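The structure appears below as structure tokens.
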Protein chains: 2
Amino acid sequence: MELTKYITEMAKAAKDACYALNMASTAQKNQLLSFIASGLSAERNKILAANETDISAARKQGIDTALLDRLQLNESRIAAMIDGVHQVAALADPVGEMDEFRVLPNGITLGKMRVPLGVIGMIYESRPNVTLDAAILCLKTGNSCVLRGGSEAINTNKAIASVITSSLKQAGLPENAVNLLTDTDRAGVDILVGLSEYIDVIIPRGGKGLVQRVNEKARIPVIKHLDGICHVYIDASAEAEMAINIAVNAKTSRYGTCNTMETLLVHVSRAAELLPVLQQKYAEKGVELRGCKLTQKILHNDIIPASEIDWSTEYLAPILSIKVVNDVSEAISHINYYGSHHTDSIITNDLSHAQLFLRMVDSSSVMVNASTRFADGYEYGLGAEIGISTDKVHVRGPVGLYGLTSQKWIVMGQGQVRL
Amino acid sequence: MELTKYITEMAKAAKDACYALNMASTAQKNQLLSFIASGLSAERNKILAANETDISAARKQGIDTALLDRLQLNESRIAAMIDGVHQVAALADPVGEMDEFRVLPNGITLGKMRVPLGVIGMIYESRPNVTLDAAILCLKTGNSCVLRGGSEAINTNKAIASVITSSLKQAGLPENAVNLLTDTDRAGVDILVGLSEYIDVIIPRGGKGLVQRVNEKARIPVIKHLDGICHVYIDASAEAEMAINIAVNAKTSRYGTCNTMETLLVHVSRAAELLPVLQQKYAEKGVELRGCKLTQKILHNDIIPASEIDWSTEYLAPILSIKVVNDVSEAISHINYYGSHHTDSIITNDLSHAQLFLRMVDSSSVMVNASTRFADGYEYGLGAEIGISTDKVHVRGPVGLYGLTSQKWIVMGQGQVRL
């Protein structure tokens, strides 16, 4: 009950603050961001000391190296965080944008105005820089937020939030525009995602377990990212060198990212020519291959068979499943059935196949002759990214500032009444 | 278990059908709609007979007159339904629209393509024409659907669905593009809204009880409409005649609609002048008034006091609560706190107040010098409306064809890989 009260009051404070934020001008919001950048610079030793406390505690608990790396801050990471604040300040402010104006037959002028969503509830795991990223993206778009980071980063998160709170004060904006929940009880997440009266959208950012748990419990719209089972399909007409370059890049440039290829599809007419070359390239990088029957045959049974489960697995590791398909339609069906609707690419020189693939593949990013690794807010020029949405409603793919806004209808009459 | 299996198979069939629908050209979809219009005309006697069966059963169960009226079809209602099909056929098809193209520094062309959401789950109550409306709006936007109407309309719904199924066959499109659930167990709703694997969006259309139940249980994004607690605020500078006309129209043109005004706010400087005139006008229409202390005083205590609960009540009846406020900011705060974020209007000649109201009122439609009754898909020129959304994400206010679509990113490269 104490926990419910604590979280509810925090959410209510965020709601109260959101109207003042909506009214803040772009200049005021950018000034706030510059105060935050200066504050981070001035307080970097305090933040690093707090981070050291978290790191020591995590080490004592025997937390694994990958997680320790995500938790760790250092001078260069803080410099990158500060740089990020300046970048967001430099982006155009979507709030207040008006468009789609038209005059109705009765003389009413109808249009749309872009406005903040209101209060964003952000739930994330160990990386403390998310505290800053989420806060500055919400502030730039006039949203207040309630942040709930991982308990292992609690001291670092508090130190960062303290800089933000001081900056809000300095800018004359409500301190409750950004609220960090400091409870460490997992039940807190369930409480937060039920507060539909105060919170407009929940954004979970973390592993699949966290996202599924949030989605299961939420009584509020969720902008979420589940898995990234991305495909590259090499079509019959693909240019060989391009196909090989992209297939290698999409798998090997990074293994742990959501836009990394997990399954390669190859047109039957090109399999005998391209698979042996690719096998060698992947072997050089240490990528384990798992193939369909025909792939195995072409590669002289040098690789293990791909089982049904492989086609729907996000390896996040140097493993790749390969399937030979009969035509572009089979490739599209495979992608829509087994994929995760994240990002898929066709390598082709056939215009009608490119058009069919673009239209029919049901994914947030659909590509022609490019590496799936480009599916990213920075690469797309959004300037900043709060996540990648695998949902279809509201926002799909990389989520930048616009994804944190909504449009309301505005109606300007001269006294019209409805007959 | 039988019920779960039945509903799951229906949803899976809808999913299987949605890819063929996505590929259907606009001409093909419009031809389908013309087959449906002809079919309704040819089968009108069968539909009316089925409706008579439903009406008799409802009468035996002692169902109230308002519900009987919603359930009833007749020649003219069928004619209106047929007319609606032609209207939707005449609307532009949003599917396949491409925009926001830009060329990235690396030479990649990036843009967005508008696509169907996939499978829409529609849950509604007694009005059988919703079966048709939902089906044709989904078909026009290339979505397949699973429809679950009220059990009291089951025979009428089956007769309408049968026309749609035949038309799909005639048009060479999959019959499972439109699926009517014919179970009458309320547990069916809970099963349907959990099928996130097959259904992309749930749209409940009906009373607040139904919508809340769906929202509570859904594991899928919901496009919903809750209550319409709409306000008109008469500002200090309002033109008197305009203010009176709009205040009367917004309340009295229809009582049961969601865009009807439920609370009137009046600037303190205009209360003594306008309230007595309005009192008389409302008395002529039989509207009961409930006022704040000052309103009561000005109206010589002729009206009952408004209690705290009145400010957040959707009367849907000839009752109006009235509050005198000190300025536009108080009006905005009242609306954001007590309202339902549906539609609110300011009557003013003060430009800065109009701008403030438009920016700060957190509602799906915000109006200046117009009656709240205009918040409607037809009035806004959307041509058709599947509902009005009081949500902020995805779509807000009247939902037409665009609200049933999503945008995916499309990326066209010439072999780019990510460094």
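Starting from 1 in every chain, residues are counted up; chains themselves are A, B, ... following the order of the structure tokens, and ligands are numbered from 1 as listed.
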
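Interface residues on chain B toward chain A (cut-off 6 Å, only C-alpha atoms): Met242, Ile246, Ser364, Ser365, Val366, Met367, Val368, Asn369, Ala370, Ser371, Val393, His394, Lys408, Trp409, Ile410, Val411, Met412, Gly413, Gln414, Gly415, Gln416 and Val417 of chain B.
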
Using N, CA and C atoms, can you write the selected residues to a file as an mmCIF file, in the first residue's frame?
data_model
loop_
_atom_site.group_PDB
_atom_site.id
_atom_site.type_symbol
_atom_site.label_atom_id
_atom_site.label_comp_id
_atom_site.auth_asym_id
_atom_site.auth_seq_id
_atom_site.Cartn_x
_atom_site.Cartn_y
_atom_site.Cartn_z
ATOM 1 N N MET B 242 -23.909 34.948 -30.644
ATOM 2 C CA MET B 242 -23.172 33.734 -31.011
ATOM 3 C C MET B 242 -23.060 32.784 -29.820
ATOM 4 N N ILE B 246 -24.686 29.015 -29.797
ATOM 5 C CA ILE B 246 -23.836 27.820 -29.681
ATOM 6 C C ILE B 246 -24.151 27.058 -28.400
ATOM 7 N N SER B 364 -9.572 15.730 -27.907
ATOM 8 C CA SER B 364 -9.377 15.246 -29.269
ATOM 9 C C SER B 364 -9.815 16.282 -30.299
ATOM 10 N N SER B 365 -10.840 17.096 -29.961
ATOM 11 C CA SER B 365 -11.205 18.236 -30.801
ATOM 12 C C SER B 365 -11.298 19.469 -29.911
ATOM 13 N N VAL B 366 -10.628 20.532 -30.322
ATOM 14 C CA VAL B 366 -10.690 21.784 -29.574
ATOM 15 C C VAL B 366 -11.178 22.849 -30.543
ATOM 16 N N MET B 367 -12.215 23.592 -30.127
ATOM 17 C CA MET B 367 -12.903 24.470 -31.063
ATOM 18 C C MET B 367 -12.930 25.922 -30.601
ATOM 19 N N VAL B 368 -13.039 26.804 -31.571
ATOM 20 C CA VAL B 368 -13.234 28.229 -31.312
ATOM 21 C C VAL B 368 -14.500 28.643 -32.058
ATOM 22 N N ASN B 369 -15.440 29.237 -31.361
ATOM 23 C CA ASN B 369 -16.657 29.785 -31.976
ATOM 24 C C ASN B 369 -17.396 28.784 -32.870
ATOM 25 N N ALA B 370 -17.542 27.564 -32.358
ATOM 26 C CA ALA B 370 -18.330 26.563 -33.084
ATOM 27 C C ALA B 370 -18.939 25.610 -32.064
ATOM 28 N N SER B 371 -20.008 24.969 -32.461
ATOM 29 C CA SER B 371 -20.700 24.047 -31.566
ATOM 30 C C SER B 371 -19.949 22.726 -31.467
ATOM 31 N N VAL B 393 -2.961 7.953 -28.391
ATOM 32 C CA VAL B 393 -2.033 7.308 -29.310
ATOM 33 C C VAL B 393 -2.760 6.844 -30.562
ATOM 34 N N HIS B 394 -2.005 6.704 -31.626
ATOM 35 C CA HIS B 394 -2.452 6.229 -32.930
ATOM 36 C C HIS B 394 -3.425 7.198 -33.602
ATOM 37 N N LYS B 408 4.599 2.067 -42.710
ATOM 38 C CA LYS B 408 5.878 1.396 -42.495
ATOM 39 C C LYS B 408 6.964 2.165 -43.231
ATOM 40 N N TRP B 409 8.181 2.019 -42.756
ATOM 41 C CA TRP B 409 9.318 2.666 -43.405
ATOM 42 C C TRP B 409 9.721 1.862 -44.628
ATOM 43 N N ILE B 410 10.008 2.535 -45.721
ATOM 44 C CA ILE B 410 10.585 1.825 -46.848
ATOM 45 C C ILE B 410 11.942 2.436 -47.181
ATOM 46 N N VAL B 411 12.876 1.559 -47.480
ATOM 47 C CA VAL B 411 14.279 1.942 -47.642
ATOM 48 C C VAL B 411 14.754 1.387 -48.971
ATOM 49 N N MET B 412 15.221 2.257 -49.855
ATOM 50 C CA MET B 412 15.705 1.781 -51.147
ATOM 51 C C MET B 412 17.159 2.172 -51.339
ATOM 52 N N GLY B 413 18.019 1.162 -51.355
ATOM 53 C CA GLY B 413 19.448 1.423 -51.476
ATOM 54 C C GLY B 413 19.989 0.941 -52.807
ATOM 55 N N GLN B 414 21.293 1.065 -52.936
ATOM 56 C CA GLN B 414 21.982 0.558 -54.121
ATOM 57 C C GLN B 414 23.144 -0.307 -53.643
ATOM 58 N N GLY B 415 22.869 -1.052 -52.560
ATOM 59 C CA GLY B 415 23.896 -1.950 -52.046
ATOM 60 C C GLY B 415 24.587 -1.472 -50.780
ATOM 61 N N GLN B 416 24.037 -0.423 -50.144
ATOM 62 C CA GLN B 416 24.701 0.126 -48.958
ATOM 63 C C GLN B 416 24.806 -0.876 -47.809
ATOM 64 N N VAL B 417 25.967 -0.848 -47.161
ATOM 65 C CA VAL B 417 26.138 -1.607 -45.921
ATOM 66 C C VAL B 417 26.518 -0.617 -44.819
#

Could you give me, as number ranges by chain, each residue of range 125-369 of chain A that DSSP assigns to alpha helix (DSSP H) when run on this structure's backbone? A: 129-140, 154-170, 187-192, 208-217, 240-252, 268-285, 293-298, 328-338, 351-360

Store the residues picked out above, limited to C-alpha atoms, as an mmCIF file, in the first residue's frame.
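Generated output (selection_39.cif):
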data_model
loop_
_atom_site.group_PDB
_atom_site.id
_atom_site.type_symbol
_atom_site.label_atom_id
_atom_site.label_comp_id
_atom_site.auth_asym_id
_atom_site.auth_seq_id
_atom_site.Cartn_x
_atom_site.Cartn_y
_atom_site.Cartn_z
ATOM 1 C CA ASN A 129 22.156 6.694 -19.738
ATOM 2 C CA VAL A 130 18.519 5.778 -20.536
ATOM 3 C CA THR A 131 17.547 7.961 -17.563
ATOM 4 C CA LEU A 132 19.019 10.922 -19.378
ATOM 5 C CA ASP A 133 17.908 9.982 -22.906
ATOM 6 C CA ALA A 134 14.310 9.399 -21.880
ATOM 7 C CA ALA A 135 14.174 12.594 -19.834
ATOM 8 C CA ILE A 136 15.538 14.870 -22.556
ATOM 9 C CA LEU A 137 13.375 13.382 -25.330
ATOM 10 C CA CYS A 138 10.280 13.770 -23.146
ATOM 11 C CA LEU A 139 11.207 17.324 -22.131
ATOM 12 C CA LYS A 140 11.905 18.409 -25.705
ATOM 13 C CA ILE A 154 19.840 3.201 -8.646
ATOM 14 C CA ASN A 155 22.658 5.437 -7.357
ATOM 15 C CA THR A 156 23.755 6.506 -10.834
ATOM 16 C CA ASN A 157 20.151 7.188 -11.828
ATOM 17 C CA LYS A 158 19.613 9.318 -8.722
ATOM 18 C CA ALA A 159 22.726 11.379 -9.472
ATOM 19 C CA ILE A 160 21.579 12.000 -13.065
ATOM 20 C CA ALA A 161 18.010 12.792 -11.986
ATOM 21 C CA SER A 162 19.325 15.265 -9.440
ATOM 22 C CA VAL A 163 21.034 17.242 -12.239
ATOM 23 C CA ILE A 164 17.762 17.250 -14.212
ATOM 24 C CA THR A 165 15.730 18.419 -11.216
ATOM 25 C CA SER A 166 18.119 21.309 -10.532
ATOM 26 C CA SER A 167 18.019 22.285 -14.191
ATOM 27 C CA LEU A 168 14.210 22.309 -14.250
ATOM 28 C CA LYS A 169 14.276 24.620 -11.215
ATOM 29 C CA GLN A 170 16.839 26.866 -12.895
ATOM 30 C CA ALA A 187 5.825 -4.973 -7.860
ATOM 31 C CA GLY A 188 6.352 -1.274 -8.556
ATOM 32 C CA VAL A 189 6.310 -1.930 -12.293
ATOM 33 C CA ASP A 190 2.865 -3.556 -12.086
ATOM 34 C CA ILE A 191 1.507 -0.602 -10.126
ATOM 35 C CA LEU A 192 2.955 1.969 -12.517
ATOM 36 C CA LYS A 208 12.028 -9.457 -23.949
ATOM 37 C CA GLY A 209 11.060 -10.638 -20.462
ATOM 38 C CA LEU A 210 10.575 -7.089 -19.220
ATOM 39 C CA VAL A 211 8.644 -6.012 -22.310
ATOM 40 C CA GLN A 212 6.327 -9.019 -22.177
ATOM 41 C CA ARG A 213 5.681 -8.496 -18.474
ATOM 42 C CA VAL A 214 4.831 -4.827 -19.027
ATOM 43 C CA ASN A 215 2.574 -5.622 -21.973
ATOM 44 C CA GLU A 216 0.806 -8.319 -19.985
ATOM 45 C CA LYS A 217 0.039 -6.025 -17.054
ATOM 46 C CA ALA A 240 26.368 -11.197 -56.625
ATOM 47 C CA GLU A 241 28.847 -8.858 -54.970
ATOM 48 C CA MET A 242 26.094 -6.665 -53.521
ATOM 49 C CA ALA A 243 24.260 -9.715 -52.178
ATOM 50 C CA ILE A 244 27.373 -11.044 -50.473
ATOM 51 C CA ASN A 245 28.372 -7.679 -49.005
ATOM 52 C CA ILE A 246 24.918 -7.064 -47.562
ATOM 53 C CA ALA A 247 24.472 -10.618 -46.274
ATOM 54 C CA VAL A 248 27.810 -10.389 -44.476
ATOM 55 C CA ASN A 249 27.210 -6.873 -43.144
ATOM 56 C CA ALA A 250 23.663 -7.576 -41.936
ATOM 57 C CA LYS A 251 24.894 -10.543 -39.886
ATOM 58 C CA THR A 252 28.379 -9.659 -38.740
ATOM 59 C CA VAL A 268 17.076 -21.556 -55.526
ATOM 60 C CA SER A 269 18.683 -20.409 -58.775
ATOM 61 C CA ARG A 270 21.507 -18.645 -56.889
ATOM 62 C CA ALA A 271 22.101 -21.020 -53.995
ATOM 63 C CA ALA A 272 24.814 -23.189 -55.568
ATOM 64 C CA GLU A 273 26.740 -20.102 -56.695
ATOM 65 C CA LEU A 274 26.450 -17.926 -53.582
ATOM 66 C CA LEU A 275 26.199 -20.216 -50.557
ATOM 67 C CA PRO A 276 29.764 -21.602 -50.760
ATOM 68 C CA VAL A 277 31.183 -18.057 -50.983
ATOM 69 C CA LEU A 278 29.063 -16.942 -48.044
ATOM 70 C CA GLN A 279 30.019 -20.031 -46.050
ATOM 71 C CA GLN A 280 33.635 -19.037 -46.321
ATOM 72 C CA LYS A 281 32.982 -15.394 -45.392
ATOM 73 C CA TYR A 282 30.945 -16.404 -42.364
ATOM 74 C CA ALA A 283 33.582 -18.953 -41.334
ATOM 75 C CA GLU A 284 36.196 -16.172 -41.307
ATOM 76 C CA LYS A 285 34.005 -14.244 -38.848
ATOM 77 C CA LYS A 293 18.061 -29.538 -46.412
ATOM 78 C CA LEU A 294 19.111 -27.975 -49.720
ATOM 79 C CA THR A 295 21.537 -25.590 -48.032
ATOM 80 C CA GLN A 296 23.101 -28.527 -46.230
ATOM 81 C CA LYS A 297 23.409 -30.433 -49.466
ATOM 82 C CA ILE A 298 25.040 -27.534 -51.303
ATOM 83 C CA VAL A 328 9.933 -14.095 -53.975
ATOM 84 C CA SER A 329 6.444 -15.103 -52.796
ATOM 85 C CA GLU A 330 7.835 -17.944 -50.732
ATOM 86 C CA ALA A 331 10.373 -15.524 -49.250
ATOM 87 C CA ILE A 332 7.627 -13.036 -48.331
ATOM 88 C CA SER A 333 5.450 -15.763 -46.779
ATOM 89 C CA HIS A 334 8.376 -17.082 -44.756
ATOM 90 C CA ILE A 335 9.205 -13.587 -43.480
ATOM 91 C CA ASN A 336 5.615 -12.731 -42.536
ATOM 92 C CA TYR A 337 5.110 -16.087 -40.824
ATOM 93 C CA TYR A 338 8.368 -16.581 -38.925
ATOM 94 C CA LEU A 351 11.580 -3.938 -60.171
ATOM 95 C CA SER A 352 8.332 -5.867 -59.804
ATOM 96 C CA HIS A 353 9.866 -8.091 -57.121
ATOM 97 C CA ALA A 354 11.112 -5.022 -55.272
ATOM 98 C CA GLN A 355 7.624 -3.473 -55.416
ATOM 99 C CA LEU A 356 5.949 -6.690 -54.276
ATOM 100 C CA PHE A 357 8.389 -7.102 -51.393
ATOM 101 C CA LEU A 358 7.934 -3.484 -50.244
ATOM 102 C CA ARG A 359 4.168 -3.772 -50.321
ATOM 103 C CA MET A 360 3.707 -7.262 -48.863
#

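CA of Asn51 in chain A sits 7.3 Å away from CA of Ala153 in chain A.
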
List every residue of range 290-344 of chain A that DSSP, applied to the backbone of this structure, assigns to strand (DSSP E or B), and report them as an NGL selection string. :A and (290-291 or 304-305 or 319-325 or 343-344)

Output the selection as a PDB file, in the first residue's frame - N, CA and C atoms for each residue.
ATOM      1  N   ARG A 290      23.266 -22.728 -39.807  1.00  0.00           N
ATOM      2  CA  ARG A 290      22.299 -23.821 -39.701  1.00  0.00           C
ATOM      3  C   ARG A 290      21.419 -23.734 -40.943  1.00  0.00           C
ATOM      4  N   GLY A 291      21.258 -24.817 -41.673  1.00  0.00           N
ATOM      5  CA  GLY A 291      20.591 -24.690 -42.969  1.00  0.00           C
ATOM      6  C   GLY A 291      19.436 -25.646 -43.200  1.00  0.00           C
ATOM      7  N   ILE A 304      25.114 -27.740 -39.620  1.00  0.00           N
ATOM      8  CA  ILE A 304      24.043 -28.498 -38.954  1.00  0.00           C
ATOM      9  C   ILE A 304      22.687 -28.084 -39.524  1.00  0.00           C
ATOM     10  N   PRO A 305      21.675 -28.952 -39.383  1.00  0.00           N
ATOM     11  CA  PRO A 305      20.355 -28.614 -39.921  1.00  0.00           C
ATOM     12  C   PRO A 305      19.667 -27.535 -39.083  1.00  0.00           C
ATOM     13  N   ILE A 319      25.304 -16.734 -34.999  1.00  0.00           N
ATOM     14  CA  ILE A 319      24.627 -17.923 -35.538  1.00  0.00           C
ATOM     15  C   ILE A 319      23.689 -17.413 -36.635  1.00  0.00           C
ATOM     16  N   LEU A 320      23.582 -18.135 -37.729  1.00  0.00           N
ATOM     17  CA  LEU A 320      22.695 -17.724 -38.817  1.00  0.00           C
ATOM     18  C   LEU A 320      21.972 -18.940 -39.373  1.00  0.00           C
ATOM     19  N   SER A 321      20.667 -18.828 -39.571  1.00  0.00           N
ATOM     20  CA  SER A 321      19.943 -19.900 -40.251  1.00  0.00           C
ATOM     21  C   SER A 321      19.766 -19.510 -41.715  1.00  0.00           C
ATOM     22  N   ILE A 322      19.841 -20.497 -42.609  1.00  0.00           N
ATOM     23  CA  ILE A 322      19.779 -20.238 -44.056  1.00  0.00           C
ATOM     24  C   ILE A 322      18.724 -21.142 -44.686  1.00  0.00           C
ATOM     25  N   LYS A 323      17.885 -20.556 -45.544  1.00  0.00           N
ATOM     26  CA  LYS A 323      16.873 -21.349 -46.223  1.00  0.00           C
ATOM     27  C   LYS A 323      16.869 -21.007 -47.710  1.00  0.00           C
ATOM     28  N   VAL A 324      16.774 -22.011 -48.548  1.00  0.00           N
ATOM     29  CA  VAL A 324      16.646 -21.808 -49.990  1.00  0.00           C
ATOM     30  C   VAL A 324      15.156 -21.764 -50.313  1.00  0.00           C
ATOM     31  N   VAL A 325      14.725 -20.757 -51.076  1.00  0.00           N
ATOM     32  CA  VAL A 325      13.297 -20.631 -51.410  1.00  0.00           C
ATOM     33  C   VAL A 325      13.116 -20.631 -52.926  1.00  0.00           C
ATOM     34  N   THR A 343      12.542  -5.717 -39.435  1.00  0.00           N
ATOM     35  CA  THR A 343      13.219  -5.183 -40.619  1.00  0.00           C
ATOM     36  C   THR A 343      13.636  -6.330 -41.539  1.00  0.00           C
ATOM     37  N   ASP A 344      13.308  -6.202 -42.807  1.00  0.00           N
ATOM     38  CA  ASP A 344      13.641  -7.244 -43.765  1.00  0.00           C
ATOM     39  C   ASP A 344      14.034  -6.604 -45.082  1.00  0.00           C
TER      40      ASP A 344
END

Two-atom distance - CA of Pro318 in chain B, CA of Ile386 in chain B (Å): 26.6 Å

Rounded to one decimal in Å, what is the spacing between CA of Ser151 in chain B and CA of Leu67 in chain B?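 Straight-line distance from CA of Ser151 in chain B to CA of Leu67 in chain B works out to 12.5 Å.
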